[in-house]
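Here the structure is laid out as structure tokens; the discussion comes afterwards.
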Amino acid sequence: MTLRDAIRDNMWPRLLPVLALLAILPVWELVCRLFGIPDYVLPAPTSIFNAFLNVDMQRWMGHLWATLRVALMGFALAIIISLPLAILMVRSVFLTRTLFPFLVVIQSTPIVAVAPLIIVILGAGDAPRTVIACLISFFPIVVATTTGMLATPREMLELSRSLKASASREIWQIRLPYAVPHIFSGLKVAITLAIIGAVIAEFVAAEKGLGYFVQFSTSYFRIPQAFAALFFLSAVSLVLFKAVQVVQKTFFGWSLPAEDER
Amino acid sequence: MNPDVEFIGVGHSYRSKNKPPVQALQDINLHLAHNEFVAVVGPSGCGKSTLLRLLSGLVSPTEGEVRMFGQPVTAPGGEVGIVFQKPTLLPWLSVFDNVLFPLRHQGRVIGRQDRDRARALLETVGLAEFINSQPDELSGGMQQRVGIARALLLDPDILIMDEPFSALDALSREQMGFELLRIWSERPKTVLFITHSISEAVLLADRVLVMSPRPAQIIDTIDIDLPRPRTPTTIDLPEFNTCTQRIRQHIFGPLQQASGLTAVPSHRTPVCQAS
Ligand SMILES: Nc1ncnc2c1ncn2[C@@H]1O[C@H](COP(=O)(O)OP(=O)(O)O)[C@@H](O)[C@H]1O
Ligand SMILES: [Mg+2]
């Protein structure tokens, strides 16, 4: 592949969102200045950027690490719980019938309402926040994994049975790998939800973290600073989402449709 | 010599909840002699794949008995190789690992001679250079060859093929048929070959079983005495036409046969067209 091909095939699609942002920023700036919109209504990009620079990097990193840590631990916990749960549900209709309603109830209960309770029960520290991030993100993984495993084509299962393979080999060597594309769809949704979970937890009780910093800045009317924290948060989500994609592409490249890396 | 496979008064109906049972097969009696190549033709949905599932032990007959080497078949025994209609390769494994999959899936340790065997099989099906490719890099016909190599890995006594070439284009289909005959002559096996193409059945098999629509019964058994090895010129022999005509009469009825063109099946293979 020549450099020109690389630019044409790879760079363009990646640059598009950046270009879109670069196009919006001057318009945004102009609107704010022309109409004299005050900072506490909608801060201009430049004042957000200045607010960002006014907080020193070490403090940003402190907040970033607090949120990232909780989100990643919650996400990891969600994976650790979801995959075995999905496997159990695929193996037993009885278990699916018993467990699934509970999972739906957990999923549909607004986590914002439950978060204070969890924090009261589990006390201060990372533990309750991790649980909140996990609770909000495990459902898509369970559903995606179960769906994928149940969608395994009949012939593949007949191949397995004709070889007299054990049920566990059928799961590990056929159903689970077959579900990989589904699992990654679930993981992509879950990672962004884990960040949201971490932020919700910080809103309830925290003294650090990007979510906490948004709230803190707002309560002191430092709106540009709140916006800066918000943008930082979005960037973190985007990077984590991308990281899941990179993991899929690196280790499970076959699970991506050819010539398409969405 | 005792036949390798016997179906004695076999019937099968699929039972599912809230639905009337579907009688797929009725009173099937057949036998496959050692290293015989038997083709089964019948309209779609008549129960041909059910025949495959019965023989491999994936489903149990609701009437009668299926025997393999004199023993009743009650569960998969691991001694049949199956080639499915779709290649059914595992996309997360390389071509080589797909061929080795039956061993791995049985939890056996894969040794040097297994690898050598897999390599030799890939050579037999003409895919030696694609050993490290991923399945989605191969054409449909090449994928189906990998499926054949995989079915042969455990050196099964019995090979069951369920419309293995029906997804292929006309040219590769004919080529694959002769390829299969070559492999079969190199490694003789008892073959049950399911197809809905009359000419394909006649071209490949020693014997053709014709099935009726559902609930399927065997309505005729035709011995094909065409000389082997079969070649593309086999279809020019008058006996070839006699055989295909006879099968057509069963499927389309003698009246339509008399009226000429209507007797030509909708799924003609190139073999038919050439004749
Ligand atoms: N698992 C199943 N449950 C219910 N009916 C089935 C099942 N599998 C096949 N059948 C029915 O049995 C009949 C024969 O199927 P099959 O053996 O697949 O036919 P063929 O391979 O000749 O096209 C069809 O009418 C089909 O709908
Ligand atoms: Mg079928």
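Within each chain, counting starts at residue 1; across the structure tokens, chains are named A, B, ... in the order shown, with ligands numbered 1 upward in that order.
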
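The neighbours of Leu237 in chain B here are the residues that come within 12 Å of it, using only C-alpha atoms and leaving out any residue fewer than 3 positions away in the same chain; they are Val202, Leu203, Asp225, Leu226, Pro227, Arg230, Thr231, Pro232, Thr233, Thr234, Phe240, Asn241, Thr242, Cys243, Thr244, Ala274 and Ser275 of chain B.
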
Sorted by chain and rising residue number, which residues of chain A lie within 12 Å of ligand 1, and what are their closest atom pairs and distances in Å to one decimal, counting only C-alpha atoms and all ligand atoms, as CSV?
residue,atom,partner,partner_atom_place_in_ligand_line,distance
A:Arg154,CA,ligand 1,1 (N),9.5
A:Glu155,CA,ligand 1,18 (O),11.5
A:Glu158,CA,ligand 1,1 (N),11.7

Item to check | Which of range 93-183 of chain B fall in alpha helix (DSSP H), as a VMD selection string | outcome: chain B and resid 95 to 105 112 to 124 140 to 152 170 to 183

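Taking only C-alpha atoms and all ligand atoms into account, ligand 2 lies nearest to B:Thr195 out of the set B:Gln23, B:Thr195, B:Gln175, B:Asn35.
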
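Take the candidates B:Val38, B:Met142, B:Ala151, B:Met176 and check each one against chain A using only C-alpha atoms; the shortest distance goes to B:Ala151.
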
Item to check | Neighbourhood of ligand 2 at 12 Å, counting only C-alpha atoms and all ligand atoms, reported as an MDAnalysis selection string | outcome: (chainID A and resid 155) or (chainID B and resid 24 40:53 83:86 161:164 166 193:196)

Give me a file of those residues, with C-alpha atoms, as a compact mmCIF listing (two decimals), in the first residue's frame.
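Printed below is again_0.txt as written:
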# COMPACT_ATOMS: atom_id res chain seq x y z
CA GLU A 155 -24.71 -27.29 11.23
CA ALA B 24 -40.34 -36.61 7.40
CA VAL B 40 -30.14 -40.11 -2.83
CA VAL B 41 -32.27 -37.78 -4.95
CA GLY B 42 -35.57 -36.28 -3.96
CA PRO B 43 -37.45 -32.99 -3.97
CA SER B 44 -36.49 -30.35 -1.44
CA GLY B 45 -38.02 -30.73 1.99
CA CYS B 46 -38.73 -34.43 1.51
CA GLY B 47 -36.46 -35.59 4.31
CA LYS B 48 -33.03 -36.13 2.77
CA SER B 49 -31.18 -34.28 5.52
CA THR B 50 -33.18 -36.26 8.05
CA LEU B 51 -31.69 -39.38 6.52
CA LEU B 52 -28.24 -37.93 7.20
CA ARG B 53 -29.13 -37.08 10.80
CA VAL B 83 -19.94 -32.71 4.65
CA PHE B 84 -22.71 -30.17 5.01
CA GLN B 85 -24.56 -28.20 2.38
CA LYS B 86 -22.85 -25.03 3.57
CA MET B 161 -22.53 -35.59 2.07
CA ASP B 162 -25.63 -33.42 2.21
CA GLU B 163 -26.05 -31.54 -1.07
CA PRO B 164 -22.40 -30.55 -0.78
CA SER B 166 -25.53 -27.15 -4.35
CA PHE B 193 -24.40 -38.62 -1.24
CA ILE B 194 -27.52 -36.50 -0.98
CA THR B 195 -28.42 -34.28 -3.90
CA HIS B 196 -31.37 -32.85 -5.74

Could the residues of chain B within 8 Å of chain A, counting only C-alpha atoms, be given as a JSON list (two decimals) with N, CA, C and O atoms, in the first residue's frame, please?
[["chain", "number", "residue", "atom", "x", "y", "z"],
["B", 56, "SER", "N", -26.09, -40.50, 11.14],
["B", 56, "SER", "CA", -25.00, -40.05, 12.00],
["B", 56, "SER", "C", -25.39, -40.09, 13.47],
["B", 56, "SER", "O", -24.58, -39.74, 14.33],
["B", 57, "GLY", "N", -26.63, -40.49, 13.76],
["B", 57, "GLY", "CA", -27.04, -40.60, 15.17],
["B", 57, "GLY", "C", -27.45, -39.28, 15.79],
["B", 57, "GLY", "O", -27.65, -39.20, 17.00],
["B", 58, "LEU", "N", -27.56, -38.23, 14.99],
["B", 58, "LEU", "CA", -27.95, -36.93, 15.55],
["B", 58, "LEU", "C", -29.42, -36.92, 15.97],
["B", 58, "LEU", "O", -29.79, -36.22, 16.89],
["B", 76, "PRO", "N", -24.52, -40.27, 18.28],
["B", 76, "PRO", "CA", -23.37, -40.08, 17.41],
["B", 76, "PRO", "C", -22.21, -40.95, 17.89],
["B", 76, "PRO", "O", -21.93, -41.03, 19.08],
["B", 77, "GLY", "N", -21.59, -41.65, 16.97],
["B", 77, "GLY", "CA", -20.54, -42.58, 17.36],
["B", 77, "GLY", "C", -19.17, -42.11, 16.95],
["B", 77, "GLY", "O", -18.16, -42.69, 17.32],
["B", 78, "GLY", "N", -19.12, -41.03, 16.17],
["B", 78, "GLY", "CA", -17.82, -40.51, 15.76],
["B", 78, "GLY", "C", -17.21, -41.24, 14.58],
["B", 78, "GLY", "O", -16.12, -40.92, 14.16],
["B", 80, "VAL", "N", -18.62, -41.47, 11.49],
["B", 80, "VAL", "CA", -19.01, -40.94, 10.19],
["B", 80, "VAL", "C", -18.39, -39.55, 9.99],
["B", 80, "VAL", "O", -18.18, -38.81, 10.95],
["B", 82, "ILE", "N", -19.02, -35.97, 8.04],
["B", 82, "ILE", "CA", -20.16, -35.27, 7.44],
["B", 82, "ILE", "C", -19.67, -34.06, 6.65],
["B", 82, "ILE", "O", -18.85, -33.29, 7.13],
["B", 84, "PHE", "N", -21.42, -30.84, 5.00],
["B", 84, "PHE", "CA", -22.71, -30.17, 5.01],
["B", 84, "PHE", "C", -22.94, -29.40, 3.72],
["B", 84, "PHE", "O", -22.02, -29.15, 2.94],
["B", 88, "THR", "N", -19.66, -24.70, 6.42],
["B", 88, "THR", "CA", -19.65, -24.79, 7.88],
["B", 88, "THR", "C", -18.23, -24.82, 8.44],
["B", 88, "THR", "O", -17.90, -25.62, 9.31],
["B", 90, "LEU", "N", -15.18, -22.94, 10.55],
["B", 90, "LEU", "CA", -15.15, -22.03, 11.68],
["B", 90, "LEU", "C", -14.30, -20.82, 11.30],
["B", 90, "LEU", "O", -13.10, -20.97, 11.07],
["B", 91, "PRO", "N", -14.91, -19.65, 11.19],
["B", 91, "PRO", "CA", -14.18, -18.50, 10.65],
["B", 91, "PRO", "C", -13.02, -18.02, 11.51],
["B", 91, "PRO", "O", -12.17, -17.29, 11.04],
["B", 92, "TRP", "N", -12.99, -18.45, 12.79],
["B", 92, "TRP", "CA", -11.91, -17.98, 13.66],
["B", 92, "TRP", "C", -10.67, -18.88, 13.56],
["B", 92, "TRP", "O", -9.66, -18.60, 14.17],
["B", 102, "PRO", "N", -11.69, -31.59, 14.08],
["B", 102, "PRO", "CA", -12.30, -32.77, 14.68],
["B", 102, "PRO", "C", -11.45, -33.39, 15.80],
["B", 102, "PRO", "O", -11.97, -33.77, 16.84],
["B", 105, "HIS", "N", -11.46, -31.02, 18.77],
["B", 105, "HIS", "CA", -12.78, -30.96, 19.41],
["B", 105, "HIS", "C", -13.06, -32.21, 20.23],
["B", 105, "HIS", "O", -13.91, -32.20, 21.10],
["B", 106, "GLN", "N", -12.34, -33.27, 19.93],
["B", 106, "GLN", "CA", -12.50, -34.47, 20.74],
["B", 106, "GLN", "C", -11.50, -34.48, 21.88],
["B", 106, "GLN", "O", -11.40, -35.47, 22.61]]

Item to check | Residue contacts of range 3-17 of chain B (8 Å, only C-alpha atoms) excluding same-chain residues fewer than 5 positions away, as an MDAnalysis selection string | outcome: chainID B and resid 22:34 50 60:70 190

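Nearest to Pro84 in chain A of all the residues A:Leu230, A:Leu176, A:Ile200, A:Ile191 is A:Leu176, based on only C-alpha atoms.
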